[in-house]
Structure formats: C-alpha cells, structure tokens
>>> print(open('protein.cif').read())   # mmCIF, C-alpha atoms and all ligand atoms
data_input
#
loop_
_atom_site.label_atom_id
_atom_site.label_comp_id
_atom_site.auth_asym_id
_atom_site.auth_seq_id
_atom_site.Cartn_x
_atom_site.Cartn_y
_atom_site.Cartn_z
CA MET A 174 22.32 -17.97 11.01
CA LYS A 175 18.95 -17.33 12.61
CA ILE A 176 16.14 -17.89 10.13
CA PHE A 177 12.78 -16.21 10.66
CA ILE A 178 9.67 -17.13 8.70
CA VAL A 179 7.25 -14.21 8.52
CA ILE A 180 3.61 -15.03 7.76
CA PRO A 181 0.99 -12.30 7.37
CA ALA A 182 -2.43 -13.79 8.01
CA TYR A 183 -5.94 -12.52 7.65
CA ASN A 184 -8.84 -14.78 8.56
CA GLU A 185 -6.87 -17.98 8.12
CA GLU A 186 -7.96 -20.00 11.18
CA ASN A 187 -8.62 -23.03 8.97
CA LYS A 188 -5.12 -23.20 7.53
CA ILE A 189 -2.70 -21.34 9.75
CA GLY A 190 -2.41 -24.06 12.42
CA LYS A 191 -1.29 -26.69 9.97
CA VAL A 192 1.05 -24.31 8.17
CA VAL A 193 2.79 -23.28 11.41
CA LYS A 194 3.08 -26.82 12.78
CA GLU A 195 4.53 -28.07 9.52
CA LEU A 196 7.23 -25.40 9.58
CA ILE A 197 8.14 -25.99 13.20
CA THR A 198 8.29 -29.75 12.66
CA ALA A 199 10.57 -29.14 9.69
CA GLY A 200 12.96 -27.41 12.11
CA TYR A 201 12.16 -23.74 11.61
CA LYS A 202 11.76 -22.48 15.15
CA ASN A 203 11.18 -18.79 14.53
CA VAL A 204 7.81 -18.64 12.84
CA VAL A 205 6.26 -15.19 13.17
CA VAL A 206 2.56 -14.86 12.40
CA ILE A 207 1.05 -11.39 12.12
CA ASP A 208 -2.67 -11.58 12.69
CA ASP A 209 -3.89 -8.58 10.77
CA GLY A 210 -7.08 -7.78 12.63
CA SER A 211 -8.73 -11.07 11.67
CA LYS A 212 -12.36 -11.54 12.52
CA ASP A 213 -11.79 -15.22 13.31
CA ASN A 214 -9.48 -17.14 15.65
CA THR A 215 -6.32 -16.82 13.55
CA PHE A 216 -4.36 -15.37 16.48
CA LYS A 217 -5.27 -18.12 18.94
CA VAL A 218 -4.76 -20.93 16.45
CA ALA A 219 -1.34 -19.62 15.40
CA LYS A 220 -0.26 -19.18 18.99
CA SER A 221 -1.24 -22.64 20.13
CA ALA A 222 0.48 -24.08 17.05
CA GLY A 223 3.70 -22.62 18.45
CA ALA A 224 4.20 -19.46 16.40
CA ILE A 225 5.47 -16.14 17.69
CA THR A 226 2.31 -14.09 17.32
CA LEU A 227 1.85 -10.40 16.74
CA ARG A 228 -1.49 -8.73 16.39
CA HIS A 229 -2.69 -5.72 14.45
CA VAL A 230 -5.70 -4.31 16.26
CA ILE A 231 -7.26 -3.36 12.93
CA ASN A 232 -6.73 -4.70 9.41
CA ARG A 233 -3.93 -2.85 7.61
CA GLY A 234 -3.30 -5.16 4.68
CA GLN A 235 -0.72 -7.73 3.71
CA GLY A 236 2.08 -5.26 3.07
CA ALA A 237 1.67 -3.70 6.50
CA GLY A 238 1.65 -7.15 8.09
CA LEU A 239 4.83 -8.14 6.30
CA GLN A 240 6.67 -5.01 7.40
CA THR A 241 5.56 -5.54 11.01
CA GLY A 242 6.93 -9.09 10.88
CA ILE A 243 10.14 -8.15 9.11
CA THR A 244 10.96 -5.38 11.58
CA TYR A 245 10.21 -7.75 14.46
CA ALA A 246 12.53 -10.37 12.99
CA LEU A 247 15.30 -7.83 12.46
CA ASN A 248 14.99 -6.63 16.04
CA ASN A 249 15.31 -10.20 17.24
CA GLY A 250 18.51 -11.02 15.44
CA ALA A 251 17.29 -12.53 12.19
CA GLY A 252 20.00 -13.40 9.68
CA ILE A 253 17.61 -14.54 6.98
CA ILE A 254 13.96 -13.62 6.67
CA VAL A 255 11.54 -15.73 4.66
CA THR A 256 8.11 -14.41 3.72
CA TYR A 257 5.45 -17.07 3.46
CA ASP A 258 1.70 -17.33 2.89
CA ALA A 259 -0.73 -18.34 5.61
CA ASP A 260 -3.22 -20.07 3.35
CA GLY A 261 -1.24 -23.25 2.69
CA GLN A 262 -0.40 -22.40 -0.91
CA HIS A 263 3.35 -22.59 -0.32
CA SER A 264 5.31 -25.74 0.30
CA LYS A 265 7.79 -26.20 3.12
CA ASN A 266 9.77 -28.47 0.79
CA ASP A 267 10.81 -25.41 -1.20
CA LEU A 268 12.38 -23.72 1.81
CA PRO A 269 15.90 -25.17 1.61
CA ALA A 270 16.19 -24.22 -2.06
CA ILE A 271 14.99 -20.66 -1.59
CA ILE A 272 17.12 -20.08 1.52
CA LYS A 273 20.29 -21.56 0.07
CA PRO A 274 21.43 -18.77 -2.29
CA VAL A 275 20.95 -16.23 0.51
CA ARG A 276 22.67 -18.37 3.13
CA LEU A 277 25.64 -18.86 0.85
CA GLY A 278 25.77 -15.11 0.28
CA GLN A 279 25.33 -15.46 -3.49
CA VAL A 280 22.38 -13.05 -3.47
CA ASP A 281 20.52 -10.84 -1.00
CA ALA A 282 17.07 -11.78 -2.21
CA ALA A 283 15.67 -15.06 -3.51
CA LEU A 284 12.26 -14.69 -5.11
CA GLY A 285 9.92 -17.61 -5.57
CA SER A 286 8.59 -18.21 -9.04
CA ARG A 287 5.77 -20.54 -9.89
CA PHE A 288 6.59 -20.48 -13.58
CA ARG A 289 10.07 -21.93 -13.34
CA LYS A 290 8.63 -25.31 -12.53
CA THR A 291 7.11 -27.53 -15.14
CA ASP A 292 4.40 -28.97 -12.89
CA SER A 293 2.79 -25.59 -12.28
CA ASN A 294 -0.98 -25.87 -11.93
CA THR A 295 -1.73 -22.17 -12.15
CA PRO A 296 -5.14 -21.40 -13.67
CA PRO A 297 -4.82 -19.70 -17.11
CA ILE A 298 -6.50 -16.39 -16.17
CA ARG A 299 -4.27 -16.07 -13.10
CA LYS A 300 -1.27 -16.87 -15.23
CA LEU A 301 -2.14 -14.13 -17.71
CA PHE A 302 -2.42 -11.60 -14.90
CA LEU A 303 0.84 -12.63 -13.22
CA LYS A 304 2.72 -12.65 -16.51
CA GLY A 305 1.31 -9.20 -17.28
CA GLY A 306 2.61 -8.07 -13.91
CA ALA A 307 6.06 -9.45 -14.71
CA LEU A 308 6.03 -7.55 -17.99
CA LEU A 309 5.18 -4.32 -16.16
CA PHE A 310 8.06 -4.91 -13.74
CA ARG A 311 10.34 -5.08 -16.73
CA ILE A 312 8.96 -1.80 -18.11
CA PHE A 313 8.71 0.11 -14.84
CA TYR A 314 11.62 -1.17 -12.81
CA GLY A 315 13.88 -2.88 -15.31
CA VAL A 316 13.73 -6.09 -13.32
CA ASN A 317 13.44 -9.29 -15.28
CA LEU A 318 11.20 -11.83 -13.56
CA SER A 319 9.07 -14.74 -14.69
CA ASP A 320 6.50 -14.30 -11.92
CA SER A 321 4.90 -11.37 -10.14
CA HIS A 322 3.13 -11.17 -6.81
CA ASN A 323 4.59 -14.30 -5.36
CA GLY A 324 4.65 -14.07 -1.58
CA PHE A 325 7.45 -16.63 -1.18
CA ARG A 326 10.83 -14.91 -0.75
CA ALA A 327 14.04 -15.17 1.25
CA LEU A 328 15.85 -11.98 2.19
CA SER A 329 19.24 -11.48 3.78
CA ARG A 330 19.35 -9.30 6.88
CA ASN A 331 20.90 -6.60 4.75
CA ALA A 332 18.19 -6.69 2.10
CA ALA A 333 15.43 -6.79 4.71
CA LYS A 334 16.88 -3.67 6.29
CA LYS A 335 17.03 -1.86 2.96
CA ILE A 336 13.55 -2.76 1.79
CA ASN A 337 10.95 -0.46 3.22
CA ILE A 338 7.35 -1.46 2.57
CA THR A 339 5.02 1.51 2.64
CA SER A 340 2.18 0.04 0.56
CA ASP A 341 -0.11 -1.55 3.09
CA ASP A 342 -2.17 -3.45 0.59
CA MET A 343 -1.30 -5.95 -2.13
CA ALA A 344 0.68 -3.30 -4.04
CA HIS A 345 3.56 -4.08 -1.68
CA ALA A 346 4.62 -6.90 -4.01
CA SER A 347 5.43 -4.39 -6.74
CA GLU A 348 6.99 -2.11 -4.16
CA ILE A 349 9.40 -4.82 -3.06
CA ILE A 350 10.49 -5.32 -6.66
CA ASP A 351 10.85 -1.55 -7.03
CA GLU A 352 13.04 -1.43 -3.91
CA ILE A 353 15.17 -4.32 -5.14
CA SER A 354 15.74 -2.45 -8.37
CA ARG A 355 16.38 0.98 -6.84
CA LYS A 356 18.69 -0.25 -4.10
CA ASN A 357 20.59 -2.62 -6.37
CA ILE A 358 19.82 -5.65 -4.28
CA LYS A 359 21.18 -8.76 -5.90
CA TYR A 360 18.43 -11.28 -6.54
CA VAL A 361 17.71 -14.64 -8.09
CA GLU A 362 14.50 -16.46 -8.95
CA VAL A 363 13.93 -19.86 -7.42
CA PRO A 364 11.27 -22.28 -8.67
CA VAL A 365 8.56 -22.95 -6.10
CA THR A 366 5.29 -24.81 -6.15
CA ILE A 367 2.10 -22.87 -5.51
CA THR A 368 -0.85 -25.10 -4.81
CA TYR A 369 -4.19 -23.89 -6.09
CA THR A 370 -7.16 -25.32 -4.27
CA ASP A 371 -10.76 -24.17 -4.31
CA TYR A 372 -10.12 -22.72 -0.88
CA SER A 373 -7.19 -20.59 -1.97
CA LEU A 374 -8.88 -19.43 -5.14
CA ALA A 375 -12.02 -18.41 -3.30
CA LYS A 376 -10.03 -16.50 -0.69
CA GLY A 377 -7.24 -15.22 -2.88
CA GLN A 378 -6.86 -12.20 -5.09
CA ASN A 379 -9.32 -11.79 -7.92
CA THR A 380 -8.62 -10.24 -11.26
CA LEU A 381 -10.35 -6.99 -10.36
CA ASN A 382 -7.84 -6.59 -7.57
CA GLY A 383 -5.12 -6.97 -10.18
CA PHE A 384 -6.40 -3.88 -11.93
CA LYS A 385 -6.40 -2.01 -8.64
CA ILE A 386 -2.76 -2.93 -8.13
CA LEU A 387 -1.93 -1.76 -11.64
CA TRP A 388 -3.65 1.55 -10.96
CA ARG A 389 -1.67 2.00 -7.75
CA MET A 390 1.59 1.21 -9.54
CA LEU A 391 0.87 3.89 -12.13
CA LEU A 392 -0.16 6.41 -9.52
CA ASP A 393 2.96 5.75 -7.45
CA GLN A 394 5.14 6.24 -10.49
CA LEU A 395 3.43 9.52 -11.35
CA LEU A 396 3.61 10.98 -7.88
CA LYS A 397 7.07 9.89 -6.85
CA MET B 102 -28.17 42.18 -12.61
CA GLU B 103 -28.62 38.57 -13.70
CA SER B 104 -29.87 36.06 -11.16
CA ILE B 105 -26.64 34.03 -11.51
CA GLN B 106 -24.72 37.06 -10.28
CA ILE B 107 -26.93 37.42 -7.23
CA PHE B 108 -26.64 33.71 -6.57
CA GLY B 109 -22.85 33.94 -6.78
CA ILE B 110 -22.74 36.84 -4.35
CA ILE B 111 -24.94 35.03 -1.83
CA VAL B 112 -22.90 31.82 -1.98
CA ALA B 113 -19.59 33.69 -1.71
CA ALA B 114 -20.82 35.83 1.16
CA PHE B 115 -22.00 32.74 2.97
CA MET B 116 -18.63 31.00 2.44
CA ILE B 117 -16.70 33.98 3.77
CA PHE B 118 -19.05 34.29 6.71
CA ARG B 119 -18.66 30.58 7.52
CA ALA B 120 -14.87 30.74 7.19
CA THR B 121 -14.70 33.77 9.45
CA TYR B 122 -16.77 31.96 12.04
CA GLN B 123 -14.60 28.83 11.84
CA CYS B 124 -11.42 30.84 12.03
CA TRP B 125 -12.75 32.72 15.02
CA LYS B 126 -13.63 29.36 16.64
CA ARG B 127 -10.09 28.18 15.78
CA LYS B 128 -11.41 25.38 13.63
CA MET B 129 -9.62 26.80 10.59
CA LYS B 130 -6.01 27.86 10.37
CA ARG B 131 -5.49 31.54 9.64
CA SER B 132 -3.49 30.79 6.46
CA VAL B 133 -6.27 28.61 5.10
CA PHE B 134 -8.80 31.28 6.04
CA ILE B 135 -6.91 33.95 4.11
CA ILE B 136 -6.62 31.83 0.94
CA TRP B 137 -10.15 30.55 1.15
CA SER B 138 -11.81 33.90 1.73
CA SER B 139 -9.67 35.56 -0.97
CA ILE B 140 -10.97 33.03 -3.50
CA TRP B 141 -14.55 33.85 -2.56
CA PHE B 142 -13.79 37.55 -2.52
CA VAL B 143 -12.66 37.25 -6.13
CA VAL B 144 -15.95 35.50 -6.88
CA ILE B 145 -17.84 38.48 -5.44
CA VAL B 146 -15.78 40.95 -7.49
CA VAL B 147 -16.42 38.95 -10.67
CA ALA B 148 -20.12 38.68 -9.87
CA VAL B 149 -20.50 42.41 -9.30
CA LEU B 150 -18.22 43.51 -12.14
CA PRO B 151 -18.16 40.77 -14.80
CA GLY B 152 -15.99 43.03 -16.96
CA THR B 153 -12.95 42.40 -14.73
CA THR B 154 -12.55 38.85 -16.06
CA THR B 155 -12.20 40.15 -19.59
CA ILE B 156 -9.35 42.40 -18.49
CA VAL B 157 -7.56 39.43 -16.91
CA ALA B 158 -8.33 37.31 -19.97
CA LYS B 159 -6.75 39.87 -22.28
CA LEU B 160 -3.72 39.86 -20.00
CA PHE B 161 -3.28 36.09 -20.54
CA GLY B 162 -4.27 36.20 -24.18
CA ILE B 163 -7.41 34.18 -23.59
CA GLY B 164 -10.50 35.23 -25.50
CA ARG B 165 -13.35 35.30 -23.03
CA GLY B 166 -13.34 36.33 -19.39
CA ILE B 167 -15.38 33.39 -18.23
CA ASP B 168 -12.79 30.99 -19.70
CA VAL B 169 -10.15 32.32 -17.32
CA VAL B 170 -12.42 31.53 -14.41
CA VAL B 171 -13.03 28.02 -15.67
CA TYR B 172 -9.32 27.36 -16.27
CA LEU B 173 -8.39 28.65 -12.85
CA SER B 174 -11.12 26.66 -11.13
CA ILE B 175 -9.97 23.46 -12.76
CA MET B 176 -6.39 24.15 -11.70
CA VAL B 177 -7.43 24.88 -8.13
CA MET B 178 -9.50 21.70 -8.06
CA TYR B 179 -6.61 19.58 -9.28
CA PHE B 180 -4.37 21.14 -6.71
CA LEU B 181 -6.85 20.46 -3.94
CA GLY B 182 -7.32 16.87 -5.16
CA PHE B 183 -3.58 16.37 -5.04
CA LYS B 184 -3.32 17.85 -1.56
CA LEU B 185 -6.15 15.62 -0.41
CA TYR B 186 -4.50 12.51 -1.84
CA ASN B 187 -1.28 13.32 -0.03
CA ARG B 188 -3.06 13.98 3.21
CA VAL B 189 -4.98 10.72 3.05
CA GLU B 190 -1.80 8.78 2.27
CA GLU B 191 -0.04 10.41 5.19
CA THR B 192 -2.85 9.52 7.54
CA ARG B 193 -2.89 5.95 6.30
CA LYS B 194 0.82 5.59 6.98
CA GLU B 195 0.46 7.06 10.44
CA ILE B 196 -2.35 4.69 11.34
CA THR B 197 -0.26 1.73 10.21
CA LYS B 198 2.66 2.94 12.29
CA LEU B 199 0.40 3.20 15.30
CA VAL B 200 -1.08 -0.26 14.76
CA ARG B 201 2.45 -1.65 14.42
CA GLU B 202 3.64 -0.04 17.64
CA ILE B 203 0.62 -1.40 19.48
CA ALA B 204 1.48 -4.88 18.16
CA TYR B 205 5.04 -4.62 19.54
CA MET B 206 3.87 -3.23 22.86
CA GLU B 207 1.34 -6.00 23.29
CA LYS B 208 4.09 -8.52 22.55
CA LYS B 209 6.45 -7.10 25.16
CA LYS B 210 3.87 -7.26 27.94
N1 LIG C 401 -1.71 -9.22 6.97
C1 LIG C 401 -2.59 -9.47 6.00
N2 LIG C 401 -2.44 -10.56 5.31
C2 LIG C 401 -3.32 -10.80 4.34
C3 LIG C 401 -4.40 -9.94 4.03
N3 LIG C 401 -5.08 -10.47 3.00
C4 LIG C 401 -4.45 -11.62 2.69
N4 LIG C 401 -3.39 -11.82 3.51
C5 LIG C 401 -2.45 -12.96 3.55
O1 LIG C 401 -1.62 -12.90 2.42
C6 LIG C 401 -1.37 -14.19 1.92
C7 LIG C 401 -1.74 -14.29 0.48
O2 LIG C 401 -3.03 -13.79 0.30
P1 LIG C 401 -3.99 -14.32 -0.81
O3 LIG C 401 -5.24 -13.51 -0.67
O4 LIG C 401 -4.09 -15.80 -0.73
O5 LIG C 401 -3.23 -13.87 -2.14
P2 LIG C 401 -2.79 -14.78 -3.40
O6 LIG C 401 -2.28 -16.06 -2.84
O7 LIG C 401 -1.75 -13.96 -4.06
O8 LIG C 401 -4.02 -14.94 -4.23
C8 LIG C 401 -2.12 -15.14 2.84
O9 LIG C 401 -1.20 -15.62 3.78
C9 LIG C 401 -3.16 -14.27 3.48
O10 LIG C 401 -3.54 -14.72 4.76
C10 LIG C 401 -4.55 -8.77 4.82
O11 LIG C 401 -5.44 -7.95 4.66
N5 LIG C 401 -3.61 -8.59 5.79
MG MG C 402 -3.25 -17.31 -1.56
#
>>> encode(input="protein.cif", output="structure tokens")
Amino acid sequence: MKIFIVIPAYNEENKIGKVVKELITAGYKNVVVIDDGSKDNTFKVAKSAGAITLRHVINRGQGAGLQTGITYALNNGAGIIVTYDADGQHSKNDLPAIIKPVRLGQVDAALGSRFRKTDSNTPPIRKLFLKGGALLFRIFYGVNLSDSHNGFRALSRNAAKKINITSDDMAHASEIIDEISRKNIKYVEVPVTITYTDYSLAKGQNTLNGFKILWRMLLDQLLK
Amino acid sequence: MESIQIFGIIVAAFMIFRATYQCWKRKMKRSVFIIWSSIWFVVIVVAVLPGTTTIVAKLFGIGRGIDVVVYLSIMVMYFLGFKLYNRVEETRKEITKLVREIAYMEKKK
C-alpha cells in the first residue's frame, strides 16, 4: 500500500530539510510538502531534501495546505495518508504505530495523542487548552478524545476521500473531528510524542489563537 | 419641520440619487437597486409624514412609531451582516481553490 506523508509548511526553512530527510531515510518515499506561500526558502529546502513539493502562491493556512496535499496524494494513488508537522515536533519513530491500525484495516483514521504517553512534556497552559478542546469535541461532536489539535494522523484512502477540509486556518483540526463524527469514520487514538522546544513554542499556536478557534467552532455550529 | 427630518430627507435623496447613478452605470444590479431605493424611499415618507410610523406600529401592536423603525433597522442590519459573512466565506473558499489549482498546474509543468 502506497503511503504518502503530507506536510503543510509555512516559513519552516530551518526545520523542514531535516524533517524530510529523516522520513525518506526511514523509508517513506512519498513525502509531500506544501509550501504555503512562505516568505523564506521552505520550498527550495524541501525540494532539495527530496520531497515532492507543491506551492501555494499566497498563504492560505494550514487547513488549506493539508487539503491540497491530501488531494494530491489521492490523485497519485495513495493508500494511506499521514499528516505530519513541518516544525520537527513529531517523531518518525511513531509512524509505524500510527500507520498500523489503518494498514490492518482495523480503523479508517488513527489520531495521534500526546496525552496517552506518560513521558509527555507538554507545558501546563498548552495542556489546559488542548484538554479544553477535547472536552468541546465531546460536547459538540460526541467524539471522545484525549487530545485536540494534534497534527499527527493516519487516514485510509477511504477516510481521506470522505473528509473535506474547508476551514483554511487552524480550525481545520476541529473540522476533521467533526467530519469523522458525521461520516461515521472509525477511529482510534495512538500515543505519540510531541517535542516542545523553544523554537516550536515561539512559532506555534498561542493561547489567543485557541480562543479564535473556539469562536470559529461556535460560529460554524450556529450557521450550519 | 424638525431639522432631523430635513437631514433624513437629504440623506435619503442622496442615497437614491447615488443608487440610480450606479444602476445606470451598471455597477449595481437592478434587484439590489429596487430594494435599496425602496428602503430610502420609506425613510423619506417617514421623514415627511412621521405619523405613518404610528399607524404601522399600531398594526404590529408596538407602542411608538419610532420603535418600529428601530426594530426593522436592526433586523435589516443583522440580515446584511449575515449576507456579508456568507459572501466573504464564499470568496475565501474560491481563492483557496484557485491557489490549489495553481499549485497543481505548476507541479505538472
Ligand atoms: N500550510 C500552512 N501550514 C502552516 C501554517 N502555519 C503553520 N503551519 C504548519 O503547521 C504545522 C503546525 O503548526 P504550529 O504553528 O507549529 O502549530 P502547533 O504545533 O499546533 O503549535 C507546522 O508544520 C507548520 O509549518 C500556515 O499558515 N499554512
Ligand atoms: Mg508546532
């Protein structure tokens, strides 16, 4: 089964090269990087590291990047699609475990969770926000998860076809959960390690953004 | 006549004049023009004959004429806000689609 790893990237020239090389060395040949209108050399770096590179001429957000990569993978015969972060926060060592339940056909979606591992080094404030998100998923979508907004997932071809990401920004993470719930996609949570470094924290989502996502979730529910 | 009435008439007349011009220049759809100028026409009627609002208010069982105007204005504003939100969302989705297609085309080259 052809495995594609889809990586949306925005201004990640410092990390993306290493991330791509690591994956290719580990034997994953189809690494798709979507450079989302970066202002730096993300595109060039990803390409010379050996990734299949797609480019958004202007920044459309992580959700838009993911959908571009997922559609590309589907059109090129992907059997399993893994979504992965460009900033080095995910670990290639978790790949076999997250792919396995999908490969064996036990589920159509395997969702990474940083709270199923005991050695999680998530900062407390981030943890509060992510746990709050998980609680909202339970209320809004009836989906029971221990983590929210984790970009590490494995999707079967079938699930990837069913899930349609229309939120361009970070709200796509809730949208994916919503789609999984609406379309009755069978899922499982798989423990993964998320590494927090000063780099990732400085670049990553802040708590204010969390409120924005919450607002969008509410609005989407009201207008649907 | 109170100065607020004169002010209302001037603003409404200007709005209708502007809409007519834009419609004539084909910058405004005829349907929008009709709705838009009707709203301002009502404003002129109310400004000239404030008593009309009381008649409408009685019809709806609302005490004062001016309250009807305020209620209606708020409703129209919410409606317009909603329309605007939808339009912006639609445009956003279209832009993303376009950007995505360009990405695939560039890849094929
Ligand atoms: N395509 C795209 N990817 C983005 C954008 N912003 C962040 N990303 C990528 O999304 C991933 C996770 O983003 P990050 O900001 O680190 O979020 P966090 O890890 O949840 O705090 C990384 O691979 C980023 O490069 C964006 O605007 N567009
Ligand atoms: Mg990150």
>>> interface_residues(input="protein.cif", of="chain B", to="chain A", cutoff="10 Å", atoms="all atoms listed in the file", output="PyMOL selection string")
chain B and resi 183+187+190+193-194+196-208
>>> closest_residue(input="protein.cif", among="B:Val144, B:Val157, B:Lys210, B:Met129", to="Phe115 in chain B", atoms="all atoms listed in the file")
B:Val144
>>> atom_distance(input="protein.cif", atom1="CA of Ala332 in chain A", atom2="CA of Lys209 in chain B")
25.9 Å
>>> closest_residue(input="protein.cif", among="A:Lys191, A:Lys217, A:Arg299, A:Lys212", to="ligand MG 402 (chain C)", atoms="all atoms listed in the file")
A:Arg299
>>> residues_around(input="protein.cif", residues="Asn249 in chain A", least_positions_apart="3", cutoff="10 Å", atoms="all atoms listed in the file", output="PyMOL selection string")
chain A and resi 175+177+203+243-246+252
>>> write_last_selection(input="protein.cif", atoms="C-alpha atoms", output="PDB file, keeping the file's coordinate frame")
ATOM      1  CA  LYS A 175      18.950 -17.330  12.610  1.00  0.00           C
ATOM      2  CA  PHE A 177      12.780 -16.210  10.660  1.00  0.00           C
ATOM      3  CA  ASN A 203      11.180 -18.790  14.530  1.00  0.00           C
ATOM      4  CA  ILE A 243      10.140  -8.150   9.110  1.00  0.00           C
ATOM      5  CA  THR A 244      10.960  -5.380  11.580  1.00  0.00           C
ATOM      6  CA  TYR A 245      10.210  -7.750  14.460  1.00  0.00           C
ATOM      7  CA  ALA A 246      12.530 -10.370  12.990  1.00  0.00           C
ATOM      8  CA  GLY A 252      20.000 -13.400   9.680  1.00  0.00           C
TER       9      GLY A 252
END
>>> residues_around(input="protein.cif", residues="Asn187 in chain A", least_positions_apart="2", cutoff="9 Å", atoms="all atoms listed in the file", output="tab-separated table (two decimals) with C-alpha atoms, in the frame of the given file")
chain	number	residue	atom	x	y	z
A	184	ASN	CA	-8.84	-14.78	8.56
A	185	GLU	CA	-6.87	-17.98	8.12
A	189	ILE	CA	-2.70	-21.34	9.75
A	190	GLY	CA	-2.41	-24.06	12.42
A	191	LYS	CA	-1.29	-26.69	9.97
A	214	ASN	CA	-9.48	-17.14	15.65
A	215	THR	CA	-6.32	-16.82	13.55
A	218	VAL	CA	-4.76	-20.93	16.45
A	260	ASP	CA	-3.22	-20.07	3.35
>>> atom_distance(input="protein.cif", atom1="CA of Tyr186 in chain B", atom2="CA of Ile167 in chain B")
28.7 Å
>>> residues_around(input="protein.cif", residues="range 137-142 of chain B", least_positions_apart="3", cutoff="12 Å", atoms="all atoms listed in the file", output="PDB file with C-alpha atoms, in the frame of the given file")
ATOM      1  CA  GLY B 109     -22.850  33.940  -6.780  1.00  0.00           C
ATOM      2  CA  ILE B 110     -22.740  36.840  -4.350  1.00  0.00           C
ATOM      3  CA  ILE B 111     -24.940  35.030  -1.830  1.00  0.00           C
ATOM      4  CA  VAL B 112     -22.900  31.820  -1.980  1.00  0.00           C
ATOM      5  CA  ALA B 113     -19.590  33.690  -1.710  1.00  0.00           C
ATOM      6  CA  ALA B 114     -20.820  35.830   1.160  1.00  0.00           C
ATOM      7  CA  PHE B 115     -22.000  32.740   2.970  1.00  0.00           C
ATOM      8  CA  MET B 116     -18.630  31.000   2.440  1.00  0.00           C
ATOM      9  CA  ILE B 117     -16.700  33.980   3.770  1.00  0.00           C
ATOM     10  CA  PHE B 118     -19.050  34.290   6.710  1.00  0.00           C
ATOM     11  CA  ARG B 119     -18.660  30.580   7.520  1.00  0.00           C
ATOM     12  CA  ALA B 120     -14.870  30.740   7.190  1.00  0.00           C
ATOM     13  CA  THR B 121     -14.700  33.770   9.450  1.00  0.00           C
ATOM     14  CA  TYR B 122     -16.770  31.960  12.040  1.00  0.00           C
ATOM     15  CA  GLN B 123     -14.600  28.830  11.840  1.00  0.00           C
ATOM     16  CA  CYS B 124     -11.420  30.840  12.030  1.00  0.00           C
ATOM     17  CA  MET B 129      -9.620  26.800  10.590  1.00  0.00           C
ATOM     18  CA  LYS B 130      -6.010  27.860  10.370  1.00  0.00           C
ATOM     19  CA  ARG B 131      -5.490  31.540   9.640  1.00  0.00           C
ATOM     20  CA  SER B 132      -3.490  30.790   6.460  1.00  0.00           C
ATOM     21  CA  VAL B 133      -6.270  28.610   5.100  1.00  0.00           C
ATOM     22  CA  PHE B 134      -8.800  31.280   6.040  1.00  0.00           C
ATOM     23  CA  ILE B 145     -17.840  38.480  -5.440  1.00  0.00           C
ATOM     24  CA  VAL B 146     -15.780  40.950  -7.490  1.00  0.00           C
ATOM     25  CA  VAL B 147     -16.420  38.950 -10.670  1.00  0.00           C
ATOM     26  CA  ALA B 148     -20.120  38.680  -9.870  1.00  0.00           C
ATOM     27  CA  VAL B 149     -20.500  42.410  -9.300  1.00  0.00           C
ATOM     28  CA  VAL B 170     -12.420  31.530 -14.410  1.00  0.00           C
ATOM     29  CA  LEU B 173      -8.390  28.650 -12.850  1.00  0.00           C
ATOM     30  CA  SER B 174     -11.120  26.660 -11.130  1.00  0.00           C
ATOM     31  CA  VAL B 177      -7.430  24.880  -8.130  1.00  0.00           C
ATOM     32  CA  LEU B 181      -6.850  20.460  -3.940  1.00  0.00           C
TER      33      LEU B 181
END
>>> residues_around(input="protein.cif", residues="Arg287 in chain A", least_positions_apart="3", cutoff="10 Å", atoms="all atoms listed in the file", output="list in words")
Leu284, Lys290, Thr291, Asp292, Ser293, Asn294, Thr295, Lys300, Leu303, Ser319, Asp320, Ser321, Asn323, Phe325, Glu362, Val363, Pro364, Val365, Thr366, Ile367 and Thr368 of chain A
>>> residues_around(input="protein.cif", residues="Ile358 in chain A", least_positions_apart="5", cutoff="10 Å", atoms="all atoms listed in the file", output="list in words")
Val280, Asp281, Ala282, Leu328, Ser329, Asn331, Ala332, Lys335, Ile336, Ile350, Glu352 and Ile353 of chain A
>>> atom_distance(input="protein.cif", atom1="atom O2 of ligand LIG 401 (chain C)", atom2="CA of Ile197 in chain A")
21.0 Å
>>> closest_residue(input="protein.cif", among="A:Tyr314, A:Tyr372, A:Tyr201, A:Phe288", to="ligand LIG 401 (chain C)", atoms="all atoms listed in the file")
A:Tyr372
>>> axis_aligned_box(input="protein.cif", around="range 321-330 of chain A", padding_each_side="3 Å", output="AutoDock Vina command-line options")
--center_x 11.2 --center_y -13.0 --center_z -1.6 --size_x 22.2 --size_y 13.3 --size_z 23.0
>>> closest_residue(input="protein.cif", among="A:Val361, A:Ala346, A:Ala222, A:Ile176", to="ligand LIG 401 (chain C)", atoms="all atoms listed in the file")
A:Ala346
>>> closest_residue(input="protein.cif", among="A:Ser373, A:Gln279, A:Thr256, A:Thr198", to="ligand LIG 401 (chain C)", atoms="all atoms listed in the file")
A:Ser373
>>> decode(input="protein.cif", residues="range 146-154 of chain B", atoms="N, CA, C and O atoms", output="mmCIF file, in the first residue's frame")
data_model
loop_
_atom_site.group_PDB
_atom_site.id
_atom_site.type_symbol
_atom_site.label_atom_id
_atom_site.label_comp_id
_atom_site.auth_asym_id
_atom_site.auth_seq_id
_atom_site.Cartn_x
_atom_site.Cartn_y
_atom_site.Cartn_z
ATOM 1 N N VAL B 146 -40.633 58.993 3.249
ATOM 2 C CA VAL B 146 -42.043 59.029 3.657
ATOM 3 C C VAL B 146 -42.147 59.288 5.157
ATOM 4 O O VAL B 146 -42.892 60.160 5.615
ATOM 5 N N VAL B 147 -41.337 58.548 5.922
ATOM 6 C CA VAL B 147 -41.379 58.688 7.388
ATOM 7 C C VAL B 147 -40.937 60.086 7.801
ATOM 8 O O VAL B 147 -41.493 60.685 8.720
ATOM 9 N N ALA B 148 -39.942 60.616 7.095
ATOM 10 C CA ALA B 148 -39.430 61.941 7.443
ATOM 11 C C ALA B 148 -40.480 63.014 7.169
ATOM 12 O O ALA B 148 -40.658 63.945 7.962
ATOM 13 N N VAL B 149 -41.178 62.866 6.053
ATOM 14 C CA VAL B 149 -42.179 63.880 5.689
ATOM 15 C C VAL B 149 -43.436 63.729 6.547
ATOM 16 O O VAL B 149 -43.989 64.708 7.038
ATOM 17 N N LEU B 150 -43.873 62.482 6.720
ATOM 18 C CA LEU B 150 -45.088 62.217 7.497
ATOM 19 C C LEU B 150 -44.793 61.281 8.664
ATOM 20 O O LEU B 150 -45.029 60.075 8.567
ATOM 21 N N PRO B 151 -44.250 61.798 9.743
ATOM 22 C CA PRO B 151 -43.866 60.934 10.876
ATOM 23 C C PRO B 151 -45.045 60.112 11.409
ATOM 24 O O PRO B 151 -44.858 59.064 12.003
ATOM 25 N N GLY B 152 -46.244 60.583 11.176
ATOM 26 C CA GLY B 152 -47.431 59.876 11.671
ATOM 27 C C GLY B 152 -47.575 58.471 11.112
ATOM 28 O O GLY B 152 -48.131 57.591 11.780
ATOM 29 N N THR B 153 -47.032 58.229 9.911
ATOM 30 C CA THR B 153 -47.190 56.908 9.272
ATOM 31 C C THR B 153 -46.615 55.789 10.132
ATOM 32 O O THR B 153 -47.147 54.685 10.161
ATOM 33 N N THR B 154 -45.511 56.079 10.847
ATOM 34 C CA THR B 154 -44.891 55.012 11.652
ATOM 35 C C THR B 154 -45.822 54.568 12.768
ATOM 36 O O THR B 154 -45.851 53.403 13.130
#
